[in-house]
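Student: Got a file for you: input-v3.txt, compact mmCIF, C-alpha atoms and all ligand atoms.
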# COMPACT_ATOMS: atom_id res chain seq x y z
CA MET W 1 -23.76 1.70 10.63
CA TRP W 2 -24.73 4.20 7.98
CA VAL W 3 -22.81 4.06 4.68
CA ALA W 4 -22.94 7.17 2.48
CA SER W 5 -21.29 7.72 -0.85
CA SER W 6 -22.53 11.14 -1.87
CA SER W 7 -22.95 14.52 -0.25
CA GLU W 8 -26.66 13.74 0.12
CA GLY W 9 -27.85 11.61 3.00
CA LEU W 10 -24.87 12.35 5.23
CA LEU W 11 -25.36 12.26 8.99
CA THR W 12 -23.94 15.56 10.25
CA PRO W 13 -22.19 17.07 12.16
CA THR W 14 -19.32 14.61 12.27
CA ALA W 15 -16.14 13.63 14.08
CA VAL W 16 -13.94 12.28 11.31
CA ALA W 17 -11.10 9.74 11.05
CA LEU W 18 -9.47 10.12 7.64
CA GLY W 19 -7.62 7.61 5.47
CA LYS W 20 -7.91 4.49 3.32
CA PHE W 21 -8.28 2.07 6.25
CA ASP W 22 -7.85 -1.10 4.20
CA GLY W 23 -7.56 -3.89 6.78
CA VAL W 24 -8.75 -1.79 9.74
CA HIS W 25 -5.47 -2.82 11.41
CA LEU W 26 -4.14 -1.87 14.86
CA GLY W 27 -2.75 1.46 13.57
CA HIS W 28 -6.12 2.31 12.01
CA GLN W 29 -7.94 1.35 15.20
CA ARG W 30 -5.82 3.87 17.15
CA VAL W 31 -6.69 6.59 14.63
CA ILE W 32 -10.40 5.79 14.88
CA GLN W 33 -10.46 5.78 18.72
CA PRO W 34 -10.54 9.58 19.24
CA VAL W 35 -13.69 10.00 17.12
CA LEU W 36 -15.70 7.32 18.92
CA HIS W 37 -18.20 8.17 21.61
CA PRO W 38 -16.70 7.76 25.10
CA CYS W 39 -18.51 4.51 25.96
CA ASP W 40 -17.26 2.88 22.75
CA ARG W 41 -13.75 4.14 23.35
CA LEU W 42 -13.62 2.29 26.65
CA SER W 43 -15.29 -0.92 25.65
CA VAL W 44 -14.83 -0.92 21.86
CA ALA W 45 -18.42 -2.17 21.93
CA SER W 46 -20.85 -2.45 19.05
CA SER W 47 -23.63 -0.12 20.17
CA PRO W 48 -22.83 3.59 20.11
CA GLN W 49 -23.85 5.96 22.91
CA SER W 50 -27.47 6.85 22.36
CA LYS W 51 -28.26 10.02 20.53
CA GLU W 52 -30.96 10.74 23.10
CA ASN W 53 -28.41 10.81 25.96
CA GLN W 54 -26.41 13.49 24.21
CA GLN W 55 -29.51 15.49 23.30
CA GLN W 56 -30.71 15.38 26.91
CA THR W 57 -27.53 17.20 27.93
CA ASN W 58 -28.27 19.75 25.21
CA GLN W 59 -25.17 18.95 23.19
CA GLU W 60 -25.38 18.71 19.44
CA TYR W 61 -25.05 15.05 18.47
CA ILE W 62 -21.81 14.36 16.61
CA TYR W 63 -21.64 11.22 14.45
CA SER W 64 -18.45 9.17 14.71
CA THR W 65 -17.45 8.89 11.07
CA VAL W 66 -14.74 7.23 9.02
CA VAL W 67 -14.07 9.04 5.76
CA THR W 68 -12.34 7.02 3.10
CA PHE W 69 -11.93 6.90 -0.68
CA ASP W 70 -13.62 4.76 -3.30
CA PRO W 71 -12.01 3.46 -5.40
CA HIS W 72 -8.71 3.10 -3.53
CA PRO W 73 -6.52 6.02 -4.77
CA GLN W 74 -3.90 3.59 -6.10
CA GLU W 75 -6.56 1.95 -8.28
CA PHE W 76 -7.56 5.34 -9.64
CA PHE W 77 -3.99 6.39 -10.49
CA THR W 78 -2.81 3.07 -11.96
CA GLY W 79 -6.08 2.10 -13.66
CA GLN W 80 -5.46 -1.43 -12.32
CA PRO W 81 -7.98 -3.15 -10.03
CA ARG W 82 -6.53 -3.50 -6.53
CA THR W 83 -7.15 -6.39 -4.18
CA LEU W 84 -8.12 -5.47 -0.64
CA LEU W 85 -7.55 -6.90 2.84
CA THR W 86 -11.08 -5.81 3.71
CA PRO W 87 -13.49 -5.49 0.76
CA LEU W 88 -16.33 -3.07 1.52
CA ASP W 89 -18.68 -5.49 3.35
CA GLU W 90 -15.89 -6.60 5.63
CA LYS W 91 -14.72 -3.05 6.27
CA VAL W 92 -18.27 -2.06 7.24
CA GLN W 93 -18.47 -5.02 9.61
CA GLN W 94 -15.12 -4.18 11.25
CA LEU W 95 -15.89 -0.48 11.63
CA ARG W 96 -19.33 -1.24 13.06
CA SER W 97 -17.80 -3.54 15.66
CA LEU W 98 -15.51 -0.69 16.77
CA GLY W 99 -18.52 1.59 17.33
CA VAL W 100 -18.22 3.77 14.20
CA GLU W 101 -21.65 5.16 13.23
CA GLN W 102 -21.02 6.29 9.67
CA LEU W 103 -18.71 5.37 6.79
CA VAL W 104 -18.40 7.98 4.05
CA LEU W 105 -16.98 6.78 0.72
CA LEU W 106 -15.64 9.83 -1.11
CA PRO W 107 -15.64 9.09 -4.86
CA PHE W 108 -11.94 9.32 -5.69
CA ASP W 109 -11.95 10.92 -9.13
CA LYS W 110 -10.10 13.60 -11.10
CA GLU W 111 -11.96 16.37 -9.33
CA LEU W 112 -11.32 15.11 -5.80
CA SER W 113 -7.68 14.28 -6.51
CA ALA W 114 -7.13 17.83 -7.81
CA LEU W 115 -8.39 19.59 -4.66
CA THR W 116 -5.70 21.54 -2.83
CA PRO W 117 -5.38 20.83 0.91
CA GLU W 118 -7.29 24.08 1.67
CA GLU W 119 -10.07 23.18 -0.78
CA PHE W 120 -10.35 19.66 0.64
CA VAL W 121 -10.84 21.01 4.14
CA GLN W 122 -13.29 23.72 3.03
CA LYS W 123 -15.41 21.72 0.56
CA ILE W 124 -15.38 18.24 2.01
CA LEU W 125 -14.70 18.49 5.71
CA VAL W 126 -16.37 21.81 6.54
CA GLN W 127 -19.19 22.18 3.99
CA GLN W 128 -20.20 18.60 3.32
CA LEU W 129 -19.39 16.86 6.57
CA GLN W 130 -19.78 19.75 9.04
CA CYS W 131 -16.76 18.30 10.71
CA GLN W 132 -16.23 19.14 14.42
CA ARG W 133 -13.15 17.05 15.13
CA ILE W 134 -10.56 15.15 13.05
CA SER W 135 -8.21 12.25 13.74
CA ILE W 136 -5.35 11.20 11.46
CA GLY W 137 -2.06 9.33 11.67
CA GLN W 138 1.26 11.16 11.85
CA ASP W 139 2.14 10.26 8.26
CA PHE W 140 -1.22 11.23 6.77
CA CYS W 141 -0.98 13.08 3.41
CA PHE W 142 -3.84 14.66 1.53
CA GLY W 143 -4.84 17.00 -1.28
CA GLU W 144 -3.44 17.40 -4.76
CA LYS W 145 -0.31 15.24 -5.25
CA ARG W 146 -0.46 14.37 -1.53
CA SER W 147 0.94 17.85 -0.88
CA GLY W 148 -0.70 18.38 2.54
CA THR W 149 0.80 16.83 5.68
CA ALA W 150 -0.80 16.05 9.04
CA LYS W 151 0.61 19.34 10.42
CA ASP W 152 -0.84 21.24 7.44
CA LEU W 153 -4.24 19.74 8.17
CA GLN W 154 -3.93 20.86 11.78
CA LEU W 155 -3.09 24.43 10.70
CA ILE W 156 -5.82 24.67 8.05
CA ALA W 157 -8.46 23.09 10.30
CA ALA W 158 -7.56 25.47 13.13
CA LYS W 159 -8.78 28.34 10.93
CA HIS W 160 -12.20 26.65 11.06
CA ASN W 161 -11.88 25.92 14.81
CA ILE W 162 -11.65 22.19 14.17
CA PRO W 163 -9.25 20.37 16.52
CA VAL W 164 -7.07 17.68 14.91
CA THR W 165 -5.65 14.70 16.81
CA ILE W 166 -2.42 13.45 15.23
CA VAL W 167 -1.92 9.86 16.35
CA PRO W 168 1.74 8.79 16.74
CA LEU W 169 2.82 5.99 14.43
CA GLN W 170 2.06 2.53 15.77
CA THR W 171 4.99 0.28 15.06
CA TYR W 172 5.90 -3.33 15.42
CA THR W 173 9.06 -5.13 16.50
CA GLY W 174 8.23 -8.32 14.59
CA ASP W 175 10.38 -10.52 16.80
CA SER W 176 7.75 -11.93 19.10
CA PRO W 177 4.76 -13.27 17.26
CA THR W 178 2.98 -14.57 20.34
CA GLN W 179 3.02 -11.36 22.40
CA SER W 180 0.77 -8.41 21.82
CA SER W 181 3.46 -6.26 23.47
CA CYS W 182 5.33 -6.35 20.16
CA VAL W 183 3.16 -3.42 19.07
CA SER W 184 4.89 -0.24 20.16
CA THR W 185 5.34 3.42 19.34
CA ASN W 186 9.09 3.43 18.75
CA PRO W 187 9.42 4.43 15.10
CA THR W 188 13.22 4.36 15.00
CA GLN W 189 13.64 0.62 15.54
CA ASP W 190 10.42 -0.86 14.35
CA ALA W 191 8.31 -1.23 11.23
CA ARG W 192 5.23 0.97 10.94
CA ILE W 193 2.04 -1.06 11.04
CA SER W 194 0.52 -0.58 7.60
CA THR W 195 -1.71 -2.21 5.04
CA SER W 196 1.39 -2.79 2.88
CA LEU W 197 3.27 -4.57 5.69
CA ILE W 198 0.29 -6.85 6.35
CA ARG W 199 0.02 -7.67 2.62
CA GLN W 200 3.74 -8.59 2.62
CA THR W 201 3.44 -10.84 5.67
CA LEU W 202 0.41 -12.60 4.15
CA GLU W 203 2.27 -13.04 0.85
CA GLN W 204 5.01 -14.81 2.82
CA GLY W 205 2.48 -17.04 4.62
CA ASP W 206 3.43 -15.40 7.93
CA ILE W 207 -0.10 -15.59 9.31
CA GLU W 208 0.87 -15.24 12.96
CA ASN W 209 2.43 -11.81 12.39
CA ALA W 210 -0.31 -10.67 10.01
CA ASN W 211 -2.87 -11.55 12.68
CA LEU W 212 -0.93 -9.60 15.30
CA LEU W 213 -0.74 -6.51 13.09
CA LEU W 214 -4.45 -6.73 12.34
CA GLY W 215 -5.43 -7.31 15.96
CA ARG W 216 -7.61 -10.25 14.83
CA PRO W 217 -7.25 -13.29 12.55
CA TYR W 218 -7.10 -12.69 8.79
CA THR W 219 -10.43 -14.08 7.60
CA LEU W 220 -11.86 -15.20 4.27
CA PHE W 221 -15.63 -14.78 3.93
CA GLY W 222 -17.33 -16.72 1.16
CA VAL W 223 -20.27 -18.78 0.00
CA VAL W 224 -19.84 -22.54 -0.53
CA VAL W 225 -20.15 -23.51 -4.21
CA GLN W 226 -19.74 -26.76 -6.13
CA GLY W 227 -16.21 -27.98 -6.88
CA GLN W 228 -15.19 -30.95 -9.03
CA GLN W 229 -16.41 -33.29 -6.27
CA LEU W 230 -13.14 -35.24 -6.41
CA GLY W 231 -12.34 -34.57 -2.75
CA ARG W 232 -14.95 -37.03 -1.48
CA THR W 233 -13.42 -39.77 -3.69
CA ILE W 234 -10.15 -39.51 -1.74
CA GLY W 235 -11.87 -39.30 1.64
CA PHE W 236 -11.47 -35.55 2.09
CA PRO W 237 -14.64 -33.74 1.06
CA THR W 238 -14.03 -30.01 0.79
CA ALA W 239 -16.24 -26.94 0.82
CA ASN W 240 -15.19 -24.75 -2.14
CA LEU W 241 -15.51 -21.07 -1.38
CA GLU W 242 -16.56 -18.30 -3.71
CA LEU W 243 -14.71 -15.22 -2.41
CA PRO W 244 -15.24 -11.55 -3.27
CA LYS W 245 -13.14 -11.07 -6.41
CA GLU W 246 -11.23 -8.16 -4.85
CA LYS W 247 -10.23 -10.09 -1.70
CA PHE W 248 -6.46 -10.20 -1.17
CA LEU W 249 -5.33 -13.82 -0.94
CA PRO W 250 -2.33 -14.94 1.10
CA ARG W 251 0.46 -17.23 -0.12
CA GLN W 252 -0.84 -20.28 -1.98
CA GLY W 253 -0.73 -23.45 0.09
CA VAL W 254 -2.22 -25.32 3.00
CA TYR W 255 -3.43 -23.69 6.26
CA ALA W 256 -4.74 -24.70 9.67
CA VAL W 257 -8.02 -22.81 10.06
CA ARG W 258 -11.01 -22.13 12.28
CA VAL W 259 -14.32 -22.13 10.42
CA PHE W 260 -17.55 -20.38 11.37
CA THR W 261 -20.89 -20.93 9.67
CA LEU W 262 -22.65 -17.59 9.42
CA SER W 263 -26.34 -16.92 9.66
CA GLU W 264 -27.68 -15.74 6.30
CA THR W 265 -29.47 -12.71 7.69
CA SER W 266 -27.30 -11.30 10.47
CA ASN W 267 -23.80 -12.66 9.68
CA ALA W 268 -23.67 -13.93 13.29
CA ALA W 269 -21.48 -17.02 13.68
CA SER W 270 -23.67 -20.01 14.51
CA SER W 271 -21.11 -22.78 14.89
CA GLU W 272 -17.34 -23.26 15.00
CA SER W 273 -15.29 -26.08 13.46
CA LEU W 274 -11.60 -26.70 12.92
CA GLY W 275 -10.11 -27.71 9.61
CA VAL W 276 -7.47 -27.51 6.88
CA MET W 277 -7.66 -25.21 3.89
CA ASN W 278 -5.94 -25.26 0.51
CA ILE W 279 -5.55 -22.11 -1.53
CA GLY W 280 -4.19 -22.75 -5.01
CA ASN W 281 -4.60 -24.22 -8.48
CA ARG W 282 -4.61 -27.95 -7.53
CA PRO W 283 -1.83 -29.00 -9.94
CA THR W 284 -2.29 -32.70 -9.04
CA VAL W 285 -5.70 -32.71 -10.75
CA ASN W 286 -4.55 -30.26 -13.47
CA GLY W 287 -6.66 -27.46 -11.98
CA THR W 288 -6.94 -24.46 -14.26
CA TYR W 289 -8.09 -21.77 -11.83
CA SER W 290 -7.27 -20.75 -8.28
CA SER W 291 -9.62 -22.04 -5.62
CA ALA W 292 -9.98 -21.87 -1.85
CA GLU W 293 -11.33 -25.02 -0.26
CA VAL W 294 -11.68 -26.22 3.29
CA HIS W 295 -11.98 -29.68 4.84
CA LEU W 296 -13.70 -29.62 8.24
CA PHE W 297 -12.61 -32.17 10.86
CA ASP W 298 -15.23 -34.59 12.13
CA TRP W 299 -18.05 -33.02 10.19
CA SER W 300 -20.48 -34.29 7.60
CA GLY W 301 -23.45 -32.61 5.97
CA ASP W 302 -24.37 -30.21 3.21
CA LEU W 303 -22.72 -26.78 3.18
CA TYR W 304 -23.70 -25.68 -0.34
CA GLY W 305 -25.00 -22.12 -0.32
CA LYS W 306 -23.86 -21.52 3.28
CA LYS W 307 -21.75 -18.49 4.15
CA LEU W 308 -18.51 -19.33 5.95
CA ALA W 309 -15.91 -17.25 7.74
CA ILE W 310 -12.49 -18.92 7.63
CA GLU W 311 -9.92 -17.63 10.10
CA LEU W 312 -6.36 -18.40 9.04
CA VAL W 313 -4.24 -19.63 11.93
CA LYS W 314 -1.02 -21.03 10.42
CA PHE W 315 0.54 -21.73 7.04
CA LEU W 316 1.50 -25.41 6.92
CA ARG W 317 3.14 -25.99 3.52
CA PRO W 318 3.18 -24.83 -0.11
CA GLU W 319 0.89 -26.51 -2.62
CA GLN W 320 2.60 -29.33 -4.57
CA LYS W 321 1.97 -31.45 -7.66
CA PHE W 322 1.70 -35.08 -6.50
CA PRO W 323 2.25 -38.07 -8.83
CA SER W 324 -1.14 -39.56 -7.91
CA LEU W 325 -4.34 -38.88 -5.97
CA GLU W 326 -3.19 -41.58 -3.52
CA ALA W 327 0.01 -39.59 -2.77
CA LEU W 328 -2.07 -36.40 -2.32
CA LYS W 329 -4.38 -38.28 0.06
CA THR W 330 -1.43 -39.43 2.20
CA GLN W 331 -0.14 -35.87 2.39
CA ILE W 332 -3.57 -34.45 3.34
CA GLN W 333 -3.77 -37.02 6.15
CA LEU W 334 -0.47 -35.63 7.46
CA ASP W 335 -1.71 -32.05 7.01
CA CYS W 336 -4.72 -32.89 9.19
CA VAL W 337 -2.49 -34.27 11.96
CA VAL W 338 -0.29 -31.17 11.94
CA ALA W 339 -3.27 -28.80 11.77
CA LYS W 340 -4.95 -30.51 14.75
CA GLU W 341 -1.73 -30.11 16.76
CA VAL W 342 -1.41 -26.44 15.82
CA LEU W 343 -5.05 -25.68 16.58
CA SER W 344 -5.11 -27.52 19.91
CA ALA W 345 -1.86 -25.81 21.00
CA GLU W 346 -3.48 -22.47 20.12
CA TRP W 347 -6.58 -23.39 22.10
CA GLU W 348 -4.47 -24.11 25.21
CA GLN W 349 -2.69 -20.73 25.10
C1 LIG D 401 -5.66 -29.89 3.09
C2 LIG D 401 -5.61 -29.91 1.58
C3 LIG D 401 -4.38 -29.90 0.96
C4 LIG D 401 -4.29 -29.93 -0.44
N1 LIG D 401 -3.07 -29.90 -1.03
C5 LIG D 401 -2.99 -29.99 -2.37
C6 LIG D 401 -1.71 -30.03 -3.02
O1 LIG D 401 -0.65 -29.93 -2.41
N2 LIG D 401 -1.70 -30.15 -4.37
C7 LIG D 401 -2.84 -30.23 -5.11
O2 LIG D 401 -2.74 -30.37 -6.31
N3 LIG D 401 -4.04 -30.16 -4.54
C8 LIG D 401 -4.17 -30.05 -3.20
N4 LIG D 401 -5.38 -29.99 -2.59
C9 LIG D 401 -6.57 -29.88 -3.43
C10 LIG D 401 -7.10 -31.19 -3.91
O3 LIG D 401 -6.53 -31.45 -5.16
C11 LIG D 401 -8.60 -31.05 -4.01
O4 LIG D 401 -9.14 -30.98 -2.73
C12 LIG D 401 -9.22 -32.20 -4.74
O5 LIG D 401 -8.80 -32.18 -6.05
C13 LIG D 401 -10.74 -32.10 -4.67
O6 LIG D 401 -11.20 -30.96 -5.34
P1 LIG D 401 -12.77 -30.68 -5.45
O7 LIG D 401 -13.25 -30.23 -4.09
O8 LIG D 401 -12.89 -29.58 -6.49
O9 LIG D 401 -13.39 -31.94 -5.88
C14 LIG D 401 -5.50 -29.95 -1.21
C15 LIG D 401 -6.73 -29.95 -0.56
C16 LIG D 401 -6.80 -29.93 0.81
C17 LIG D 401 -8.14 -29.93 1.49
N1 LIG D 402 0.74 2.53 12.09
C1 LIG D 402 -0.01 3.62 12.15
N2 LIG D 402 0.01 4.42 13.24
C2 LIG D 402 -0.73 5.54 13.31
N3 LIG D 402 -1.54 5.94 12.32
C3 LIG D 402 -1.61 5.19 11.21
C4 LIG D 402 -0.86 3.98 11.06
N4 LIG D 402 -1.13 3.45 9.84
C5 LIG D 402 -2.01 4.28 9.26
N5 LIG D 402 -2.30 5.32 10.07
C6 LIG D 402 -3.21 6.41 9.82
O1 LIG D 402 -4.52 5.83 9.66
C7 LIG D 402 -5.20 6.48 8.60
C8 LIG D 402 -5.49 5.49 7.52
O2 LIG D 402 -4.26 4.95 7.03
P1 LIG D 402 -4.11 4.46 5.53
O3 LIG D 402 -4.99 3.28 5.35
O4 LIG D 402 -4.38 5.61 4.65
O5 LIG D 402 -2.58 4.04 5.46
P2 LIG D 402 -1.79 2.67 5.76
O6 LIG D 402 -2.48 1.76 6.71
O7 LIG D 402 -0.42 3.11 6.11
O8 LIG D 402 -1.78 1.92 4.39
P3 LIG D 402 -0.70 1.87 3.22
O9 LIG D 402 0.26 0.79 3.59
O10 LIG D 402 -1.54 1.50 2.05
O11 LIG D 402 -0.08 3.24 3.17
C9 LIG D 402 -4.31 7.63 8.15
O12 LIG D 402 -4.68 8.80 8.85
C10 LIG D 402 -2.93 7.16 8.51
O13 LIG D 402 -2.01 8.22 8.71
Can you give me the file's structure in the form of structure tokens?
Ligand SMILES: Cc1cc2nc3c(=O)[nH]c(=O)nc-3n(C[C@H](O)[C@H](O)[C@H](O)COP(=O)(O)O)c2cc1C
Ligand SMILES: Nc1ncnc2c1ncn2[C@@H]1O[C@H](COP(=O)(O)OP(=O)(O)OP(=O)(O)O)[C@@H](O)[C@H]1O
Tutor:
Amino acid sequence: MWVASSSEGLLTPTAVALGKFDGVHLGHQRVIQPVLHPCDRLSVASSPQSKENQQQTNQEYIYSTVVTFDPHPQEFFTGQPRTLLTPLDEKVQQLRSLGVEQLVLLPFDKELSALTPEEFVQKILVQQLQCQRISIGQDFCFGEKRSGTAKDLQLIAAKHNIPVTIVPLQTYTGDSPTQSSCVSTNPTQDARISTSLIRQTLEQGDIENANLLLGRPYTLFGVVVQGQQLGRTIGFPTANLELPKEKFLPRQGVYAVRVFTLSETSNAASSESLGVMNIGNRPTVNGTYSSAEVHLFDWSGDLYGKKLAIELVKFLRPEQKFPSLEALKTQIQLDCVVAKEVLSAEWEQ
């Protein structure tokens, strides 16, 4: 997938899905669908329809494009760094797997934030992106002080003969964490699927619902670095992960997880293990910084420098300060038993 951050080097003309898309959750995926090429829309596959096919039928090739903002608008307005469900690398990976061909990162600055809705359409969508088609969610707002609505975009774009798909809000009943049918389009009863809702569920340790809203497991990607090497002295060696500093972390505590070792070049998963993960400050050993560390079941070897993907499956318990390393060891043994039960029950479903 092509990533562009300036008006130069853009692949044009484009079919554009517009928004922040942090998390690339189920609502976002519905907004992206209408701009994908037909074969990707059906299969949600990774390889887009070939450009040659479209040229053979004499159509102008239109690049399926997600247009987003960098930095996140909230970061620009508050001046505070914002953590993200999907830092850039992860967002690129998710969008690529949906079949998106281009990600455009509009620099969100004073100038961009001051564009009126009409100027945004004219300067960005028409002139820069040669946009042929647009997809947005029903609650999309844009332009200076978020003054333009989805309907406004439809009216303004119509003047340039650009059709706009307004995707109805995808909502969630939240009462049935094991069924994908809990995603619906009934906005009166249900909560709108949003980045904010997923952040809240992760903050509460409600991994099952966060995973449903995302349409995939919430995953931490990181490189294994050295820890204090105390884990091996209590019989539970752990791989300490260095995570992107902007990655949003869920509630501190212990999780049942699935772990994939990634190939250094392609990011393809080469092997899968099960394990337990702790996210927190390790008060028992007077830890002074937050760490994320995983113990893999029935595994031994050297993971230093390896890239891991850790899929969170279930929150097991909050982190605690134990009176001794022996007491911590006893608790981790119990954590392993519970995690194995959780993960094998999941496997059977
Ligand atoms: C499954 C699991 C649960 C843990 N739970 C706690 C806990 O409740 N409290 C705590 O202080 N540390 C906890 N830890 C972190 C340990 O203190 C840590 O693994 C140990 O100090 C080794 O750290 P090191 O890898 O930096 O050597 C947990 C670790 C694991 C793997
Ligand atoms: N649940 C949803 N159903 C339909 N469209 C959605 C949904 N959530 C977001 N969208 C649309 O997807 C695009 C990207 O959404 P965006 O990331 O800007 O908002 P969000 O997911 O609601 O996040 P936040 O919680 O930060 O507002 C926008 O066009 C938005 O209107």
Student: With all atoms listed in the file as the counted atoms, please give the residues lying no more than 10 Å from Pro107 of chain W, apart from itself and same-chain residues fewer than 3 positions off, as a PDB file with C-alpha atoms, keeping the file's coordinate frame.
Tutor:
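Saved the output as out_21.pdb:
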ATOM      1  CA  SER W   5     -21.290   7.720  -0.850  1.00  0.00           C
ATOM      2  CA  SER W   6     -22.530  11.140  -1.870  1.00  0.00           C
ATOM      3  CA  THR W  68     -12.340   7.020   3.100  1.00  0.00           C
ATOM      4  CA  PHE W  69     -11.930   6.900  -0.680  1.00  0.00           C
ATOM      5  CA  ASP W  70     -13.620   4.760  -3.300  1.00  0.00           C
ATOM      6  CA  PRO W  71     -12.010   3.460  -5.400  1.00  0.00           C
ATOM      7  CA  HIS W  72      -8.710   3.100  -3.530  1.00  0.00           C
ATOM      8  CA  PRO W  73      -6.520   6.020  -4.770  1.00  0.00           C
ATOM      9  CA  VAL W 104     -18.400   7.980   4.050  1.00  0.00           C
ATOM     10  CA  LYS W 110     -10.100  13.600 -11.100  1.00  0.00           C
ATOM     11  CA  GLU W 111     -11.960  16.370  -9.330  1.00  0.00           C
ATOM     12  CA  LEU W 112     -11.320  15.110  -5.800  1.00  0.00           C
ATOM     13  CA  SER W 113      -7.680  14.280  -6.510  1.00  0.00           C
TER      14      SER W 113
END
Student: Mind listing the residues within 10 Å of ligand LIG 402 (chain D), only C-alpha atoms and all ligand atoms counted, as a PyMOL selection string?
Tutor: chain W and resi 17-32+66-69+72-74+84+134-142+149-150+165-172+183-185+187+191-199+213
Student: Using Å and a single decimal, report how far atom CA of Gln93 of chain W sits from atom CA of Pro38 of chain W.
Tutor: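 Spanning atom CA of Pro38 of chain W to atom CA of Gln93 of chain W is a straight-line distance of 20.2 Å.
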Student: Provide the atom CA of Val225 of chain W to atom CA of Pro323 of chain W distance in Å, to one decimal place.
Tutor: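 A separation of 27.1 Å between them.
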Student: Would you mind telling me which residue in W:Ala309, W:Gln130, W:Gly148, W:Pro237 lies nearest to Ala268 of chain W when using only C-alpha atoms?
Tutor: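 When distances to Ala268 of chain W are compared using only C-alpha atoms, the smallest one comes from W:Ala309.
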Student: What box, with edges along x, y and z, holds each listed atom of ligand LIG 401 (chain D) when 6 Å is added on every side, and can you state its centre and edge lengths in Å to one decimal, as lines of an AutoDock Vina configuration file?
Tutor:
center_x = -7.0
center_y = -30.9
center_z = -1.7
size_x = 24.7
size_y = 14.6
size_z = 21.6
Student: Please work out which residues fall within 6 Å of (-22.8, 14.6, 0.3), coordinates as given in the file, with only C-alpha atoms counting, and return them as a ChimeraX atom specification.
Tutor: /W:6-8,10,128
Student: Would you name the residues within 7 Å of ligand LIG 401 (chain D), counting all atoms listed in the file, and put them as a PyMOL selection string?
Tutor: chain W and resi 227-232+236-240+253-254+276-278+281-285+293-295+318-322+328+332+335-336
Student: When you count only C-alpha atoms, which of these residues is closest to Ile124 of chain W: W:Ala256, W:Gln33, W:Leu105, W:Thr219?
Tutor: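 Smallest distance to Ile124 of chain W is found for W:Leu105.
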Student: For a quick check of understanding, using all atoms listed in the file, which of W:Gly275, W:Pro217, W:Pro13, W:Pro81 has the smallest distance to Glu311 of chain W?
Tutor: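 Answer, going by the shortest atom-to-atom distance: W:Pro217.
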Student: Report, in Å to a single decimal, how far apart atom CA of Ser273 of chain W and atom CA of Leu241 of chain W are.
Tutor: 15.7 Å
Student: If we count all atoms listed in the file and set the cut-off at 8 Å, which residues sit around Pro117 of chain W, ignoring sequence neighbours fewer than 5 positions away in its own chain? Please answer as a list in words.
Tutor: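 Surrounding residues, per the criterion: Phe142, Gly143, Glu144, Ser147, Gly148, Asp152 and Leu153 of chain W.
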Student: Might you pull out every residue within 9 Å of Cys131 of chain W, with all atoms listed in the file counted and same-chain residues fewer than 2 positions away left off, and present them as number ranges by chain?
Tutor: W: 12-16, 62, 124-129, 133-134, 162
Student: Here is a test: counting all atoms listed in the file, which residue of W:Gln122, W:Ser271, W:Ser300, W:Gln252 is nearest to Gly235 of chain W?
Tutor: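 Of the candidates, the smallest distance to Gly235 of chain W is held by W:Ser300.
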Student: Between W:Arg146, W:Met1, W:Glu75, W:Ala345, which one has atoms that come closest to Ser97 of chain W, using only C-alpha atoms?
Tutor: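 So, comparing all the options, the nearest one is W:Met1.
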Student: Please determine, counting only C-alpha atoms, which residue among W:Tyr289, W:Phe315, W:Phe120, W:Tyr255 has the shortest atom-to-atom distance to Thr201 of chain W.
Tutor: W:Phe315
